[in-house]
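Visitor: Structure file start-v6.cif (mmCIF, N, CA, C and O atoms) is given on the next line.
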```
data_start
loop_
_atom_site.label_atom_id
_atom_site.label_comp_id
_atom_site.auth_asym_id
_atom_site.auth_seq_id
_atom_site.Cartn_x
_atom_site.Cartn_y
_atom_site.Cartn_z
N GLN A 1 142.27 -50.80 86.94
CA GLN A 1 141.17 -51.27 87.76
C GLN A 1 140.72 -52.62 87.24
O GLN A 1 140.60 -52.80 86.03
N VAL A 2 140.47 -53.54 88.15
CA VAL A 2 140.06 -54.89 87.80
C VAL A 2 138.86 -55.26 88.65
O VAL A 2 138.81 -54.96 89.84
N ALA A 3 137.87 -55.92 88.04
CA ALA A 3 136.70 -56.39 88.80
C ALA A 3 136.25 -57.73 88.24
O ALA A 3 136.37 -57.98 87.04
N THR A 4 135.74 -58.58 89.11
CA THR A 4 135.16 -59.85 88.68
C THR A 4 133.96 -60.16 89.57
O THR A 4 133.89 -59.68 90.70
N SER A 5 133.03 -60.96 89.07
CA SER A 5 131.84 -61.26 89.86
C SER A 5 131.55 -62.75 89.96
O SER A 5 130.58 -63.14 90.56
N GLY A 6 132.36 -63.61 89.38
CA GLY A 6 132.09 -65.04 89.42
C GLY A 6 132.53 -65.69 90.71
O GLY A 6 133.52 -65.27 91.33
N ASP A 7 131.79 -66.71 91.14
CA ASP A 7 132.18 -67.47 92.33
C ASP A 7 133.51 -68.20 92.06
O ASP A 7 133.78 -68.60 90.93
N TYR A 8 134.32 -68.32 93.12
CA TYR A 8 135.60 -69.02 93.07
C TYR A 8 136.59 -68.38 92.09
O TYR A 8 137.47 -69.03 91.56
N SER A 9 136.45 -67.08 91.82
CA SER A 9 137.40 -66.42 90.92
C SER A 9 138.72 -66.18 91.62
O SER A 9 138.80 -66.11 92.83
N GLN A 10 139.75 -66.05 90.80
CA GLN A 10 141.09 -65.75 91.29
C GLN A 10 141.61 -64.58 90.48
O GLN A 10 141.69 -64.66 89.26
N VAL A 11 141.92 -63.48 91.15
CA VAL A 11 142.33 -62.25 90.48
C VAL A 11 143.64 -61.77 91.09
O VAL A 11 143.79 -61.75 92.31
N ALA A 12 144.56 -61.36 90.24
CA ALA A 12 145.82 -60.80 90.72
C ALA A 12 146.23 -59.64 89.83
O ALA A 12 145.99 -59.66 88.63
N THR A 13 146.83 -58.63 90.45
CA THR A 13 147.38 -57.50 89.70
C THR A 13 148.61 -56.98 90.42
O THR A 13 148.75 -57.16 91.62
N SER A 14 149.47 -56.35 89.67
CA SER A 14 150.67 -55.78 90.27
C SER A 14 150.89 -54.33 89.82
O SER A 14 151.95 -53.77 90.07
N GLY A 15 149.93 -53.72 89.19
CA GLY A 15 150.07 -52.34 88.73
C GLY A 15 150.06 -51.35 89.88
O GLY A 15 149.31 -51.51 90.85
N ASP A 16 150.88 -50.32 89.78
CA ASP A 16 150.92 -49.28 90.80
C ASP A 16 149.57 -48.56 90.87
O ASP A 16 148.96 -48.28 89.83
N TYR A 17 149.09 -48.30 92.08
CA TYR A 17 147.82 -47.62 92.34
C TYR A 17 146.62 -48.36 91.74
O TYR A 17 145.60 -47.76 91.43
N SER A 18 146.72 -49.67 91.58
CA SER A 18 145.63 -50.44 91.00
C SER A 18 144.56 -50.75 92.04
O SER A 18 144.81 -50.74 93.24
N LYS A 19 143.35 -50.99 91.54
CA LYS A 19 142.20 -51.32 92.38
C LYS A 19 141.64 -52.66 91.91
O LYS A 19 141.51 -52.88 90.71
N VAL A 20 141.30 -53.54 92.87
CA VAL A 20 140.71 -54.83 92.54
C VAL A 20 139.47 -55.03 93.39
O VAL A 20 139.53 -54.89 94.62
N ALA A 21 138.36 -55.38 92.76
CA ALA A 21 137.10 -55.65 93.47
C ALA A 21 136.54 -56.99 93.00
O ALA A 21 136.58 -57.29 91.81
N VAL A 22 136.02 -57.78 93.95
CA VAL A 22 135.44 -59.08 93.65
C VAL A 22 134.09 -59.19 94.33
O VAL A 22 133.96 -58.83 95.50
N LYS A 23 133.08 -59.67 93.61
CA LYS A 23 131.76 -59.88 94.18
C LYS A 23 131.42 -61.36 94.35
O LYS A 23 130.48 -61.70 95.04
N GLY A 24 132.13 -62.26 93.71
CA GLY A 24 131.83 -63.69 93.79
C GLY A 24 132.21 -64.30 95.12
O GLY A 24 133.11 -63.83 95.81
N ASP A 25 131.53 -65.37 95.49
CA ASP A 25 131.81 -66.07 96.74
C ASP A 25 133.12 -66.87 96.63
O ASP A 25 133.45 -67.40 95.57
N HIS A 26 133.83 -66.96 97.74
CA HIS A 26 135.02 -67.81 97.88
C HIS A 26 136.11 -67.47 96.85
O HIS A 26 136.79 -68.36 96.36
N SER A 27 136.26 -66.21 96.55
CA SER A 27 137.27 -65.77 95.58
C SER A 27 138.55 -65.36 96.29
O SER A 27 138.58 -65.17 97.50
N VAL A 28 139.61 -65.22 95.51
CA VAL A 28 140.92 -64.81 96.03
C VAL A 28 141.36 -63.57 95.25
O VAL A 28 141.33 -63.56 94.03
N ILE A 29 141.77 -62.53 95.99
CA ILE A 29 142.22 -61.28 95.40
C ILE A 29 143.65 -61.05 95.84
O ILE A 29 143.93 -61.06 97.03
N ALA A 30 144.54 -60.79 94.89
CA ALA A 30 145.92 -60.44 95.23
C ALA A 30 146.29 -59.18 94.48
O ALA A 30 146.28 -59.16 93.26
N ASN A 31 146.57 -58.12 95.22
CA ASN A 31 147.02 -56.87 94.61
C ASN A 31 148.36 -56.53 95.27
O ASN A 31 148.40 -56.10 96.41
N ILE A 32 149.42 -56.74 94.52
CA ILE A 32 150.75 -56.50 95.09
C ILE A 32 151.42 -55.27 94.48
O ILE A 32 152.62 -55.09 94.59
N GLY A 33 150.64 -54.42 93.84
CA GLY A 33 151.16 -53.18 93.28
C GLY A 33 151.38 -52.14 94.36
O GLY A 33 150.79 -52.20 95.44
N ILE A 34 152.22 -51.16 94.06
CA ILE A 34 152.48 -50.06 94.99
C ILE A 34 151.19 -49.28 95.20
O ILE A 34 150.52 -48.89 94.24
N ASN A 35 150.79 -49.10 96.47
CA ASN A 35 149.55 -48.41 96.85
C ASN A 35 148.31 -49.07 96.28
O ASN A 35 147.31 -48.41 96.03
N GLY A 36 148.35 -50.39 96.10
CA GLY A 36 147.18 -51.12 95.63
C GLY A 36 146.12 -51.22 96.70
O GLY A 36 146.41 -51.20 97.90
N ILE A 37 144.85 -51.32 96.25
CA ILE A 37 143.73 -51.48 97.19
C ILE A 37 142.82 -52.60 96.69
O ILE A 37 142.81 -52.92 95.50
N VAL A 38 142.06 -53.19 97.63
CA VAL A 38 141.16 -54.30 97.30
C VAL A 38 139.86 -54.19 98.09
O VAL A 38 139.81 -53.56 99.15
N LYS A 39 138.81 -54.83 97.57
CA LYS A 39 137.59 -55.05 98.33
C LYS A 39 136.92 -56.30 97.78
O LYS A 39 137.14 -56.69 96.63
N GLY A 40 136.11 -56.94 98.62
CA GLY A 40 135.45 -58.17 98.19
C GLY A 40 134.30 -58.55 99.10
O GLY A 40 133.94 -57.82 100.02
N ALA A 41 133.77 -59.73 98.83
CA ALA A 41 132.62 -60.26 99.57
C ALA A 41 133.09 -61.11 100.74
O ALA A 41 134.23 -61.58 100.78
N ILE A 42 132.20 -61.33 101.69
CA ILE A 42 132.50 -62.21 102.83
C ILE A 42 132.88 -63.59 102.30
O ILE A 42 132.24 -64.11 101.39
N GLY A 43 133.92 -64.15 102.90
CA GLY A 43 134.40 -65.47 102.49
C GLY A 43 135.54 -65.40 101.50
O GLY A 43 136.24 -66.40 101.28
N CYS A 44 135.78 -64.25 100.89
CA CYS A 44 136.90 -64.09 99.96
C CYS A 44 138.19 -63.85 100.75
O CYS A 44 138.15 -63.39 101.88
N TRP A 45 139.31 -64.13 100.13
CA TRP A 45 140.62 -63.86 100.70
C TRP A 45 141.25 -62.70 99.96
O TRP A 45 141.12 -62.60 98.74
N ILE A 46 141.92 -61.80 100.69
CA ILE A 46 142.62 -60.68 100.10
C ILE A 46 144.11 -60.75 100.44
O ILE A 46 144.48 -61.23 101.51
N THR A 47 144.94 -60.29 99.51
CA THR A 47 146.38 -60.19 99.72
C THR A 47 146.84 -58.84 99.21
O THR A 47 146.47 -58.43 98.11
N LEU A 48 147.63 -58.14 100.02
CA LEU A 48 148.18 -56.84 99.65
C LEU A 48 149.66 -56.79 100.00
O LEU A 48 150.12 -57.52 100.88
N ALA A 49 150.37 -55.89 99.31
CA ALA A 49 151.79 -55.65 99.60
C ALA A 49 151.96 -54.21 100.05
O ALA A 49 151.20 -53.33 99.65
N GLU A 50 152.97 -54.01 100.88
CA GLU A 50 153.33 -52.66 101.32
C GLU A 50 154.80 -52.41 100.96
O GLU A 50 155.63 -53.31 101.08
N TYR A 51 155.09 -51.21 100.51
CA TYR A 51 156.42 -50.85 100.04
C TYR A 51 157.01 -49.73 100.89
O TYR A 51 156.28 -48.91 101.45
N ASP A 52 158.34 -49.67 100.93
CA ASP A 52 159.00 -48.57 101.64
C ASP A 52 159.18 -47.37 100.69
O ASP A 52 158.70 -47.40 99.55
N GLU A 53 159.85 -46.35 101.16
CA GLU A 53 160.01 -45.12 100.37
C GLU A 53 160.87 -45.32 99.12
O GLU A 53 160.90 -44.46 98.23
N TYR A 54 161.57 -46.46 99.03
CA TYR A 54 162.38 -46.78 97.85
C TYR A 54 161.68 -47.78 96.94
O TYR A 54 162.29 -48.34 96.04
N ASN A 55 160.39 -48.02 97.21
CA ASN A 55 159.56 -48.97 96.45
C ASN A 55 160.07 -50.41 96.53
O ASN A 55 159.95 -51.18 95.58
N ILE A 56 160.61 -50.75 97.69
CA ILE A 56 161.02 -52.12 97.98
C ILE A 56 159.97 -52.73 98.90
O ILE A 56 159.56 -52.11 99.89
N ILE A 57 159.53 -53.94 98.59
CA ILE A 57 158.48 -54.59 99.40
C ILE A 57 158.99 -54.78 100.82
O ILE A 57 160.08 -55.30 101.06
N LYS A 58 158.15 -54.34 101.79
CA LYS A 58 158.51 -54.56 103.19
C LYS A 58 157.52 -55.48 103.89
O LYS A 58 157.79 -55.98 104.96
N CYS A 59 156.35 -55.73 103.27
CA CYS A 59 155.37 -56.62 103.89
C CYS A 59 154.36 -57.09 102.85
O CYS A 59 153.95 -56.32 101.98
N VAL A 60 153.98 -58.36 102.93
CA VAL A 60 152.87 -58.92 102.15
C VAL A 60 152.00 -59.66 103.15
O VAL A 60 152.50 -60.41 103.98
N LYS A 61 150.69 -59.40 103.06
CA LYS A 61 149.79 -59.97 104.07
C LYS A 61 148.48 -60.42 103.42
O LYS A 61 147.98 -59.77 102.51
N SER A 62 147.92 -61.51 103.94
CA SER A 62 146.63 -62.03 103.48
C SER A 62 145.66 -62.14 104.64
O SER A 62 146.07 -62.30 105.79
N ALA A 63 144.37 -62.04 104.33
CA ALA A 63 143.33 -62.20 105.34
C ALA A 63 142.03 -62.62 104.65
O ALA A 63 141.83 -62.35 103.47
N LYS A 64 141.17 -63.24 105.43
CA LYS A 64 139.85 -63.62 104.94
C LYS A 64 138.86 -62.52 105.32
O LYS A 64 138.87 -62.02 106.45
N ILE A 65 138.01 -62.15 104.39
CA ILE A 65 136.97 -61.17 104.67
C ILE A 65 135.90 -61.87 105.49
O ILE A 65 135.20 -62.76 105.00
N ASP A 66 135.80 -61.49 106.77
CA ASP A 66 134.89 -62.16 107.70
C ASP A 66 133.69 -61.30 108.08
O ASP A 66 132.80 -61.75 108.78
N GLY A 67 133.69 -60.03 107.66
CA GLY A 67 132.58 -59.13 108.00
C GLY A 67 132.74 -58.47 109.35
O GLY A 67 131.95 -57.59 109.71
N VAL A 68 133.76 -58.85 110.12
CA VAL A 68 134.00 -58.26 111.43
C VAL A 68 135.34 -57.52 111.42
O VAL A 68 135.37 -56.30 111.46
N LYS A 69 136.43 -58.28 111.37
CA LYS A 69 137.76 -57.65 111.34
C LYS A 69 138.03 -57.03 109.97
O LYS A 69 138.54 -55.92 109.87
N ILE A 70 137.71 -57.75 108.93
CA ILE A 70 137.81 -57.25 107.55
C ILE A 70 136.38 -57.22 107.00
O ILE A 70 135.72 -58.26 106.91
N LYS A 71 135.92 -56.02 106.66
CA LYS A 71 134.52 -55.83 106.26
C LYS A 71 134.30 -56.11 104.77
O LYS A 71 135.19 -55.91 103.95
N GLU A 72 133.09 -56.54 104.47
CA GLU A 72 132.67 -56.80 103.10
C GLU A 72 132.52 -55.48 102.33
O GLU A 72 132.11 -54.46 102.90
N ASN A 73 132.86 -55.51 101.03
CA ASN A 73 132.67 -54.37 100.12
C ASN A 73 133.27 -53.07 100.66
O ASN A 73 132.69 -52.00 100.48
N THR A 74 134.41 -53.16 101.31
CA THR A 74 135.12 -52.01 101.86
C THR A 74 136.54 -52.03 101.31
O THR A 74 137.20 -53.06 101.33
N TRP A 75 137.00 -50.89 100.80
CA TRP A 75 138.35 -50.81 100.25
C TRP A 75 139.38 -50.87 101.37
O TRP A 75 139.22 -50.22 102.40
N TYR A 76 140.45 -51.66 101.14
CA TYR A 76 141.55 -51.79 102.10
C TYR A 76 142.89 -51.57 101.42
O TYR A 76 143.07 -51.90 100.25
N ARG A 77 143.82 -51.03 102.20
CA ARG A 77 145.22 -50.85 101.81
C ARG A 77 146.05 -51.40 102.96
O ARG A 77 145.61 -51.42 104.10
N LEU A 78 147.26 -51.81 102.68
CA LEU A 78 148.16 -52.29 103.73
C LEU A 78 149.04 -51.13 104.17
O LEU A 78 149.67 -50.46 103.35
N LYS A 79 149.05 -50.85 105.47
CA LYS A 79 149.85 -49.75 106.02
C LYS A 79 150.36 -50.16 107.40
O LYS A 79 149.58 -50.59 108.24
N GLY A 80 151.66 -50.07 107.60
CA GLY A 80 152.24 -50.49 108.87
C GLY A 80 152.04 -51.97 109.12
O GLY A 80 151.95 -52.40 110.28
N GLY A 81 151.94 -52.75 108.05
CA GLY A 81 151.76 -54.20 108.18
C GLY A 81 150.35 -54.61 108.54
O GLY A 81 150.09 -55.77 108.84
N GLU A 82 149.40 -53.68 108.52
CA GLU A 82 148.02 -53.96 108.88
C GLU A 82 147.07 -53.50 107.77
O GLU A 82 147.36 -52.56 107.03
N PHE A 83 145.92 -54.16 107.67
CA PHE A 83 144.90 -53.75 106.72
C PHE A 83 144.21 -52.48 107.25
O PHE A 83 143.74 -52.46 108.39
N VAL A 84 144.18 -51.46 106.43
CA VAL A 84 143.60 -50.18 106.81
C VAL A 84 142.41 -49.91 105.91
O VAL A 84 142.50 -49.95 104.68
N GLU A 85 141.26 -49.63 106.55
CA GLU A 85 140.03 -49.31 105.82
C GLU A 85 140.14 -47.92 105.21
O GLU A 85 140.59 -46.97 105.85
N LEU A 86 139.72 -47.79 103.95
CA LEU A 86 139.76 -46.48 103.29
C LEU A 86 138.41 -45.81 103.33
O LEU A 86 137.41 -46.41 103.44
#
```
Represent the structure contained in this file as structure tokens.

Guide:
Amino acid sequence: QVATSGDYSQVATSGDYSKVAVKGDHSVIANIGINGIVKGAIGCWITLAEYDEYNIIKCVKSAKIDGVKIKENTWYRLKGGEFVEL
């Protein structure tokens, strides 16, 4: 589990089943671990990876937390190439 609260922070992890949370403004979160999840503040960018049943990457996707399509302080996972709220 990784967390940061500073503005303009950049956080990345690749551990399986890892969790990353950011509270600072304009931060970037990248969790490319198997079954990784992320959450952050409005204005932050998130990146997640999705793996197939053989643990081979099949999709990597990024999005900006806008409070509408991607909600603030809400855990997300990538499934079927889309961000899924947990």

Visitor: Go through A:Ala21, A:Lys39, A:Gly33, A:Arg77 one by one, measure the shortest atom-to-atom distance of each to A:Ile56 using only C-alpha atoms, and give the residue with the smallest value.

Guide: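 The answer is A:Gly33, which sits nearest to A:Ile56.
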
Visitor: Distance atom CA of A:Ala30-atom CA of A:Cys59, one decimal place?

Guide: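 Going from atom CA of A:Ala30 over to atom CA of A:Cys59 covers 13.4 Å.
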
Visitor: Running DSSP on the backbone, which parts of chain A land in strand (DSSP E or B), as JSON, numbers by chain?

Guide: {"A": [2, 3, 4, 10, 11, 12, 13, 19, 20, 21, 22, 28, 29, 30, 31, 37, 38, 39, 45, 46, 47, 48, 49, 50, 51, 57, 58, 59, 60, 61, 62, 63, 64, 76, 77, 78, 79, 82, 83, 84, 85]}

Visitor: For each of A:Ser62, A:Ile37, A:Tyr54, A:Asp25, take the minimum atom-to-atom distance to A:Thr74, counting only N, CA, C and O atoms, then give the residue where this is smallest.

Guide: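 Among A:Ser62, A:Ile37, A:Tyr54, A:Asp25, it is A:Ile37 that comes nearest to A:Thr74.
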
Visitor: Between atom CA of A:Lys58 and atom CA of A:Val28, what is the spacing in Å?

Guide: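 Value for the atom CA of A:Val28-atom CA of A:Lys58 distance: 21.6 Å.
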
Visitor: Would you place a box with edges along x, y and z of the file around all atoms of stretch 37-47 of chain A listed there, add 5 Å to each of its six sides, and report the centre and edge lengths in Å to one decimal, as lines of an AutoDock Vina configuration file?

Guide:
```
center_x = 139.5
center_y = -58.9
center_z = 99.2
size_x = 24.6
size_y = 25.1
size_z = 17.4
```

Visitor: Which is closer to A:Glu53 than all the others in A:Ala41, A:Val20, A:Ile34, A:Ile70, using only C-alpha atoms?

Guide: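 Of A:Ala41, A:Val20, A:Ile34, A:Ile70, the one nearest A:Glu53 is A:Ile34, counting only C-alpha atoms.
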
Visitor: Using Å and a single decimal, report how far atom C of A:Val68 sits from atom N of A:Lys19.

Guide: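 According to the coordinates, atom N of A:Lys19 and atom C of A:Val68 are separated by 22.4 Å.
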
Visitor: Once the PyMOL selection byres ((chain A and resi 15) around 6) has been applied to the shown file, what residues remain in the selection, as number ranges by chain?

Guide: A: 13-14, 16-18, 32-34, 36

Visitor: Would you list the contacts of A:Lys61 as number ranges by chain, taking every protein, DNA or RNA residue within 5 Å and counting only N, CA, C and O atoms, but skipping same-chain residues closer than 2 positions in sequence?

Guide: A: 46-48, 59, 63

Visitor: Could you check which of A:Val60, A:Gly67, A:Glu85, A:Leu78 is closest to A:Asn35, using only N, CA, C and O atoms?

Guide: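 Using only N, CA, C and O atoms, A:Asn35 sits closest to A:Leu78.
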
Visitor: Looking at only N, CA, C and O atoms, which of A:Ile29, A:Ile57, A:Tyr8, A:Gly43 is the one that sits closest to A:Glu72?

Guide: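 Comparing A:Ile29, A:Ile57, A:Tyr8, A:Gly43 against A:Glu72, the winner is A:Gly43.
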
Visitor: Got a sec to check which residues sit within 4.5 Å of (133.0, -64.4, 95.4), counting only N, CA, C and O atoms, and write them as a list in words?

Guide: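 Collected hits near the coordinates: Gly6, Asp7, Lys23, Gly24, Asp25, His26 and Ser27 of chain A.
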
Visitor: Pick out the residues sitting within 9 Å of A:Lys79, and hand them over as a list in words; count only C-alpha atoms, and ignore anything fewer than 6 positions along from it in its own chain.

Guide: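 So, after excluding close chain neighbours, the residues are Ala49, Glu50 and Tyr51 of chain A.
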